[in-house]
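**Student:** This is the structure I want to talk about, given as structure tokens.
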Amino acid sequence: MFRGIDEAGRASLRHADGSAHDVLELLRGLASADPAERETALDGMYGAVHHRGEGHDAVLACVPLLLSLAVREEVPDRAGVVELLIGIDDLGGDGDERAARARAALRARAEVFVRLAGDADSGVRRVVPGALVRFLGPARVLPLLRERILVERDDRVLTSLVEALGLFVRRHTAAARPSRRHRSRRGAGHAAEAVSLLEALSGPPYGPALRLAALGQLAGCAPQRLPTGLVPVAVGLLRERSARRAATGHACGGPAPETLAGRLRRLRPSDEEGSRLLRTLHSALGCRVADRVELLCGQLTSPDPLDRCNGVWMAAGFVREWRDGHERPVALIGAQLGAREERLHDAAVTALAGFHALAAPAADRLHALVTSRPEFRVRHGERGAPALGGALKALAGAGDVRAAPLLAEVLAGPVVPHDLGRVVPHLGRAAVPLAPALRRRLARVPLDGSCPHEQAVPLLSALGALGDVASLPSVLRLLRGMPERTRGRDAVTDAAVRVLGAFGDAAHEAAPDLRTLLGTSSAVAAAEALWSVTGDADAVVPTLMREVAGPGRDRRRRAAAVLARLGPAARPALPVLRRMAGSGDPSDRAAAACALWRSTGEPDPVLPVLRAVWAGHPHTRPVIAGCTAALGPRGAPLHDLLRAELSSSRRHRADLPGSHVLHEDLALLRSCREALGGGG
């Protein structure tokens, strides 16, 4: 099998990170009987042929050998080898001659993929359709895909065949975005034929999984050919598919150990094929928010818990991407709380805990759960400190005042979650009764413990948000008494300093401590707190100017934000702020421009900077909107941007994952409304 290596010439097997010998060993590893060795070899091959996205001579030399591996039935994991070959189609650009040669080599040997389309291994059959569309001529592809759809019995393979039809349409239709290699009038004619085939597959007499797959592809490449009443049709097909699957006794997920691995297993979709079908349809529907809401509600009210579990995760993604239409899906997620199926319950809790204020439609269900099931208030993991239970965290994060007495009960118990203090600020003044208990807990944090910051920082944040001046002695105890080499000391110092700033002139006795910190890594936080406590601009401006001109990006931006708070008192820093506003980093430019505007009261010099970074770098928008809100009526020159933001239905960083992006977007919207309500 590997005899051709020498004939190909080891000089041609140069890849991004090594020599011909490396590639030869990787190829041998792909045929190994050891699963770990195969996995390592596949990772290495991806690195060799895809490094920096450039084609290499090694790719061209490896193509015949990889094809030989793919057709040998004794080679395990041949599907992974086929996927590697498919990835070669994406190498390089139009001007990359070596990548073009590799693609040409695959097209010249595309009959191998025709043979593999009927392979006994369903895993191979599942990945081959994508190779057929990429490397076989369009006149051959459609009859072959049609034939395979008629004879195939595996639903997963059928889904891949239908997805290949959609890919074929996107690559060949004249209405699609121009492709680098696959445009022709003949191809456009074949694309129209493929659309007709998809339309036929989306109706009877085909099975529900195949029809759902076809609807997803039609929605993406030919939405005008979709049937009327798409969502009711799709929901009906989903339930028909689920009823068939239920006959096999497939369960949603039984008990699993209360470990990190166990929780992660429960959070993965157990019906991955169903998840794939519905995600494809949601993705194709895109900005059709009303249709997507109806589809989500159909999923979340399905009799099948697996469908509801998939619906929870898709609703979570929808809420993170879109600003409208979340109320009904969130309420239906709340209806899954306490479900008999652990996977479904855990998915609902995890999703709601990431929604912050948007979890409000599920608040009654959350409150009922944590009231009737006290064991859900604190989560005891296999390792590490206990954490606040997800349901109680979601209730508090929604700002529901009913969380306050429940948190008080937790605080009075023998075990207090290390992260309890983080949710207190969401409750506003309703959390004031918690202050004495939080204060007592803070006073008991050991100064020389192994990880005092894990306990202290959340408690400090909570007491600062509550403005609990009575906790000042405990705050100063931490600030002054923690040994220098204690782990997390800097985090505790920063948190304590922020609390002192929140206390304002009531913390005047801490002024000497804050002045001492102006020469440390906590300089920016200390300068801000000192300004809040004393109003002494002469003491803090030199420190902030030094930090603005320093190498640390985060410290530069924080220092500029503090200078903005100082207003006209920051005028000595104008030269360094102007240099920062002219830098290449958009976050630096936004922070400095905001400080210049608030310091000088002159918008005209900085408006071009702020408008440019707002449009080109959405992550700067919360800073700019906050600045505009702080300016009140004087922020009117940017009110048009804020109105446009509020009118957008998509979140400003919807392309990024994670609940922190949702939190940022909610803060941005609050700043926009505050600015326009106060001066617009």
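Convention: chains lettered A, B, ... in structure tokens order; per-chain residue numbering from 1; ligands numbered from 1 as shown.
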Name the residues of segment 433-676 of chain A that come out as helix (DSSP H, G or I) in a backbone DSSP run; write them as an MDAnalysis selection string.
**Tutor:** chainID A and resid 433:443 452:466 469:481 489:519 523:534 537:548 553:581 586:600 607:616 618:647 659:676
**Student:** If you count only C-alpha atoms, which residues fall within 7 Å of segment 484-498 of chain A, apart from same-chain ones fewer than 6 positions away, as a VMD selection string?
**Tutor:** chain A and resid 448 450 to 451 453 456 to 457 460 to 461 475 522 525 to 526 529
**Student:** Quick check, in Å to one decimal: how far apart do atom CA of Glu39 of chain A and atom CA of Glu273 of chain A lie?
**Tutor:**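 Taking atom CA of Glu39 of chain A as the start and atom CA of Glu273 of chain A as the end point, the length is 23.3 Å.
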**Student:** Pick out the closest residue to His663 of chain A from this set: A:Arg211, A:Arg134, A:Arg320, A:His345. Count only C-alpha atoms.
**Tutor:**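 Under the stated criterion, the closest residue is A:Arg320.
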**Student:** Between A:Arg241, A:Arg611, A:Arg673, A:His652, single out the one closest to Arg323 of chain A, counting only C-alpha atoms.
**Tutor:**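 Comparing A:Arg241, A:Arg611, A:Arg673, A:His652 against Arg323 of chain A, the winner is A:His652.
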**Student:** What's the separation between atom CA of Pro568 of chain A and atom CA of Leu610 of chain A, in Å to one decimal place?
**Tutor:**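 Taking atom CA of Pro568 of chain A as the start and atom CA of Leu610 of chain A as the end point, the length is 19.7 Å.
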**Student:** For Leu238 of chain A, work out the shell of residues within 12 Å, counting only C-alpha atoms and skipping chain neighbours fewer than 4 positions away, then give it as a ChimeraX atom specification.
**Tutor:** /A:207-213,215,231-234,242-245,273-275,277-278,281,295-296,298-304,306-308,310-311
**Student:** So, with only C-alpha atoms as the atoms that count, which of A:Ala625, A:Ala219, A:Ala559, A:Leu142 lies closest to Asp665 of chain A?
**Tutor:**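 Closest to Asp665 of chain A of all the choices is A:Ala625.
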**Student:** Name the residues in contact with segment 192-195 of chain A at a cut-off of 8 Å, using only C-alpha atoms, excluding same-chain residues fewer than 6 positions from it; report them as an MDAnalysis selection string.
**Tutor:** chainID A and resid 142 165:166 168:169 173 218 222
**Student:** Next, dump the selected residues to file, keeping only all heavy atoms, as a PDB file, in the first residue's frame.
**Tutor:**
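Saved the output as again-v5.pdb:
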ATOM      1  N   LEU A 142     -26.231  13.767 -10.075  1.00  0.00           N
ATOM      2  CA  LEU A 142     -27.659  13.698  -9.788  1.00  0.00           C
ATOM      3  C   LEU A 142     -28.238  12.295  -9.958  1.00  0.00           C
ATOM      4  O   LEU A 142     -28.950  11.807  -9.071  1.00  0.00           O
ATOM      5  CB  LEU A 142     -28.415  14.691 -10.656  1.00  0.00           C
ATOM      6  CG  LEU A 142     -28.516  16.112 -10.095  1.00  0.00           C
ATOM      7  CD1 LEU A 142     -29.334  16.989 -11.030  1.00  0.00           C
ATOM      8  CD2 LEU A 142     -29.139  16.108  -8.714  1.00  0.00           C
ATOM      9  N   LEU A 165     -27.580  16.995  -1.967  1.00  0.00           N
ATOM     10  CA  LEU A 165     -28.386  17.668  -2.993  1.00  0.00           C
ATOM     11  C   LEU A 165     -28.407  19.177  -2.753  1.00  0.00           C
ATOM     12  O   LEU A 165     -28.282  19.976  -3.692  1.00  0.00           O
ATOM     13  CB  LEU A 165     -29.811  17.124  -2.981  1.00  0.00           C
ATOM     14  CG  LEU A 165     -30.060  15.781  -3.660  1.00  0.00           C
ATOM     15  CD1 LEU A 165     -31.481  15.317  -3.387  1.00  0.00           C
ATOM     16  CD2 LEU A 165     -29.804  15.876  -5.161  1.00  0.00           C
ATOM     17  N   GLY A 166     -28.598  19.576  -1.500  1.00  0.00           N
ATOM     18  CA  GLY A 166     -28.580  21.007  -1.189  1.00  0.00           C
ATOM     19  C   GLY A 166     -27.242  21.633  -1.518  1.00  0.00           C
ATOM     20  O   GLY A 166     -27.184  22.747  -2.065  1.00  0.00           O
ATOM     21  N   PHE A 168     -25.166  20.598  -3.759  1.00  0.00           N
ATOM     22  CA  PHE A 168     -25.095  20.627  -5.221  1.00  0.00           C
ATOM     23  C   PHE A 168     -25.792  21.873  -5.766  1.00  0.00           C
ATOM     24  O   PHE A 168     -25.269  22.576  -6.635  1.00  0.00           O
ATOM     25  CB  PHE A 168     -25.738  19.358  -5.774  1.00  0.00           C
ATOM     26  CG  PHE A 168     -25.705  19.244  -7.273  1.00  0.00           C
ATOM     27  CD1 PHE A 168     -24.642  18.627  -7.905  1.00  0.00           C
ATOM     28  CD2 PHE A 168     -26.730  19.761  -8.052  1.00  0.00           C
ATOM     29  CE1 PHE A 168     -24.603  18.520  -9.285  1.00  0.00           C
ATOM     30  CE2 PHE A 168     -26.698  19.661  -9.434  1.00  0.00           C
ATOM     31  CZ  PHE A 168     -25.627  19.038 -10.047  1.00  0.00           C
ATOM     32  N   VAL A 169     -26.969  22.165  -5.238  1.00  0.00           N
ATOM     33  CA  VAL A 169     -27.720  23.342  -5.704  1.00  0.00           C
ATOM     34  C   VAL A 169     -26.930  24.608  -5.419  1.00  0.00           C
ATOM     35  O   VAL A 169     -26.798  25.490  -6.278  1.00  0.00           O
ATOM     36  CB  VAL A 169     -29.109  23.398  -5.045  1.00  0.00           C
ATOM     37  CG1 VAL A 169     -29.823  24.697  -5.406  1.00  0.00           C
ATOM     38  CG2 VAL A 169     -29.947  22.198  -5.461  1.00  0.00           C
ATOM     39  N   THR A 173     -26.140  26.538  -8.815  1.00  0.00           N
ATOM     40  CA  THR A 173     -27.223  27.398  -9.288  1.00  0.00           C
ATOM     41  C   THR A 173     -26.679  28.749  -9.740  1.00  0.00           C
ATOM     42  O   THR A 173     -25.771  29.315  -9.143  1.00  0.00           O
ATOM     43  CB  THR A 173     -28.285  27.589  -8.186  1.00  0.00           C
ATOM     44  OG1 THR A 173     -29.347  28.374  -8.713  1.00  0.00           O
ATOM     45  CG2 THR A 173     -27.706  28.298  -6.974  1.00  0.00           C
ATOM     46  N   LEU A 218     -34.315  22.777   1.129  1.00  0.00           N
ATOM     47  CA  LEU A 218     -35.103  23.717   0.319  1.00  0.00           C
ATOM     48  C   LEU A 218     -35.128  25.100   0.962  1.00  0.00           C
ATOM     49  O   LEU A 218     -35.013  26.127   0.273  1.00  0.00           O
ATOM     50  CB  LEU A 218     -36.537  23.207   0.159  1.00  0.00           C
ATOM     51  CG  LEU A 218     -36.817  22.185  -0.940  1.00  0.00           C
ATOM     52  CD1 LEU A 218     -38.269  21.750  -0.875  1.00  0.00           C
ATOM     53  CD2 LEU A 218     -36.490  22.753  -2.319  1.00  0.00           C
ATOM     54  N   ALA A 222     -33.688  27.109  -1.905  1.00  0.00           N
ATOM     55  CA  ALA A 222     -34.812  27.463  -2.789  1.00  0.00           C
ATOM     56  C   ALA A 222     -36.059  27.693  -1.946  1.00  0.00           C
ATOM     57  O   ALA A 222     -37.055  26.963  -2.052  1.00  0.00           O
ATOM     58  CB  ALA A 222     -35.052  26.352  -3.814  1.00  0.00           C
TER      59      ALA A 222
END
**Student:** Residues within 12 Å of Asp554 of chain A, please, as a list in words. Count only C-alpha atoms; anything in the same chain fewer than 4 positions from it doesn't count.
**Tutor:** Ser521, Ser522, Val524, Ala525, Glu547, Val548, Ala549, Gly550, Arg558, Ala559, Ala560, Ala561, Asp585, Ser587, Asp588 and Ala591 of chain A
**Student:** Suppose we keep N, CA and C atoms; can you now write the selection as a PDB file, in the first residue's frame?
**Tutor:**
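Contents of the output file part-v8.pdb:
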ATOM      1  N   SER A 521       0.025  46.745  40.823  1.00  0.00           N
ATOM      2  CA  SER A 521      -0.774  46.230  39.698  1.00  0.00           C
ATOM      3  C   SER A 521      -2.253  46.572  39.847  1.00  0.00           C
ATOM      4  N   SER A 522      -2.668  47.014  41.030  1.00  0.00           N
ATOM      5  CA  SER A 522      -4.055  47.441  41.253  1.00  0.00           C
ATOM      6  C   SER A 522      -4.216  48.947  41.088  1.00  0.00           C
ATOM      7  N   VAL A 524      -5.056  51.059  38.667  1.00  0.00           N
ATOM      8  CA  VAL A 524      -6.236  51.657  38.026  1.00  0.00           C
ATOM      9  C   VAL A 524      -7.442  51.587  38.956  1.00  0.00           C
ATOM     10  N   ALA A 525      -7.670  50.402  39.547  1.00  0.00           N
ATOM     11  CA  ALA A 525      -8.792  50.271  40.478  1.00  0.00           C
ATOM     12  C   ALA A 525      -8.614  51.201  41.676  1.00  0.00           C
ATOM     13  N   GLU A 547      -0.784  54.686  33.210  1.00  0.00           N
ATOM     14  CA  GLU A 547      -1.407  53.429  32.792  1.00  0.00           C
ATOM     15  C   GLU A 547      -1.923  53.502  31.355  1.00  0.00           C
ATOM     16  N   VAL A 548      -2.450  54.653  30.953  1.00  0.00           N
ATOM     17  CA  VAL A 548      -2.930  54.810  29.575  1.00  0.00           C
ATOM     18  C   VAL A 548      -1.786  54.649  28.583  1.00  0.00           C
ATOM     19  N   ALA A 549      -0.608  55.089  28.967  1.00  0.00           N
ATOM     20  CA  ALA A 549       0.559  54.986  28.079  1.00  0.00           C
ATOM     21  C   ALA A 549       1.291  53.662  28.235  1.00  0.00           C
ATOM     22  N   GLY A 550       0.822  52.777  29.132  1.00  0.00           N
ATOM     23  CA  GLY A 550       1.527  51.540  29.428  1.00  0.00           C
ATOM     24  C   GLY A 550       1.228  50.433  28.432  1.00  0.00           C
ATOM     25  N   ARG A 558      -9.125  50.459  30.953  1.00  0.00           N
ATOM     26  CA  ARG A 558      -9.745  50.785  32.240  1.00  0.00           C
ATOM     27  C   ARG A 558      -9.316  52.165  32.716  1.00  0.00           C
ATOM     28  N   ALA A 559      -8.033  52.497  32.488  1.00  0.00           N
ATOM     29  CA  ALA A 559      -7.556  53.824  32.892  1.00  0.00           C
ATOM     30  C   ALA A 559      -8.256  54.916  32.094  1.00  0.00           C
ATOM     31  N   ALA A 560      -8.450  54.683  30.796  1.00  0.00           N
ATOM     32  CA  ALA A 560      -9.162  55.668  29.977  1.00  0.00           C
ATOM     33  C   ALA A 560     -10.602  55.825  30.454  1.00  0.00           C
ATOM     34  N   ALA A 561     -11.231  54.709  30.853  1.00  0.00           N
ATOM     35  CA  ALA A 561     -12.610  54.790  31.345  1.00  0.00           C
ATOM     36  C   ALA A 561     -12.687  55.606  32.637  1.00  0.00           C
ATOM     37  N   ASP A 585      -5.774  49.914  17.582  1.00  0.00           N
ATOM     38  CA  ASP A 585      -6.675  49.001  18.267  1.00  0.00           C
ATOM     39  C   ASP A 585      -8.046  49.650  18.459  1.00  0.00           C
ATOM     40  N   SER A 587     -10.638  48.931  20.382  1.00  0.00           N
ATOM     41  CA  SER A 587     -11.075  49.098  21.770  1.00  0.00           C
ATOM     42  C   SER A 587     -10.344  50.252  22.429  1.00  0.00           C
ATOM     43  N   ASP A 588      -9.042  50.387  22.143  1.00  0.00           N
ATOM     44  CA  ASP A 588      -8.283  51.528  22.656  1.00  0.00           C
ATOM     45  C   ASP A 588      -8.861  52.837  22.127  1.00  0.00           C
ATOM     46  N   ALA A 591     -12.251  53.688  23.831  1.00  0.00           N
ATOM     47  CA  ALA A 591     -12.108  54.120  25.221  1.00  0.00           C
ATOM     48  C   ALA A 591     -11.521  55.520  25.295  1.00  0.00           C
TER      49      ALA A 591
END
**Student:** Just the number, please: distance in Å from atom CA of Cys594 of chain A to atom CA of Leu638 of chain A, one decimal.
**Tutor:**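 Separation between atom CA of Cys594 of chain A and atom CA of Leu638 of chain A: 11.7 Å.
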**Student:** Considering only C-alpha atoms, can you say which of A:Leu406, A:Val141, A:Ala511, A:Ile88 comes closest to Leu167 of chain A?
**Tutor:**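 Smallest distance to Leu167 of chain A is found for A:Val141.
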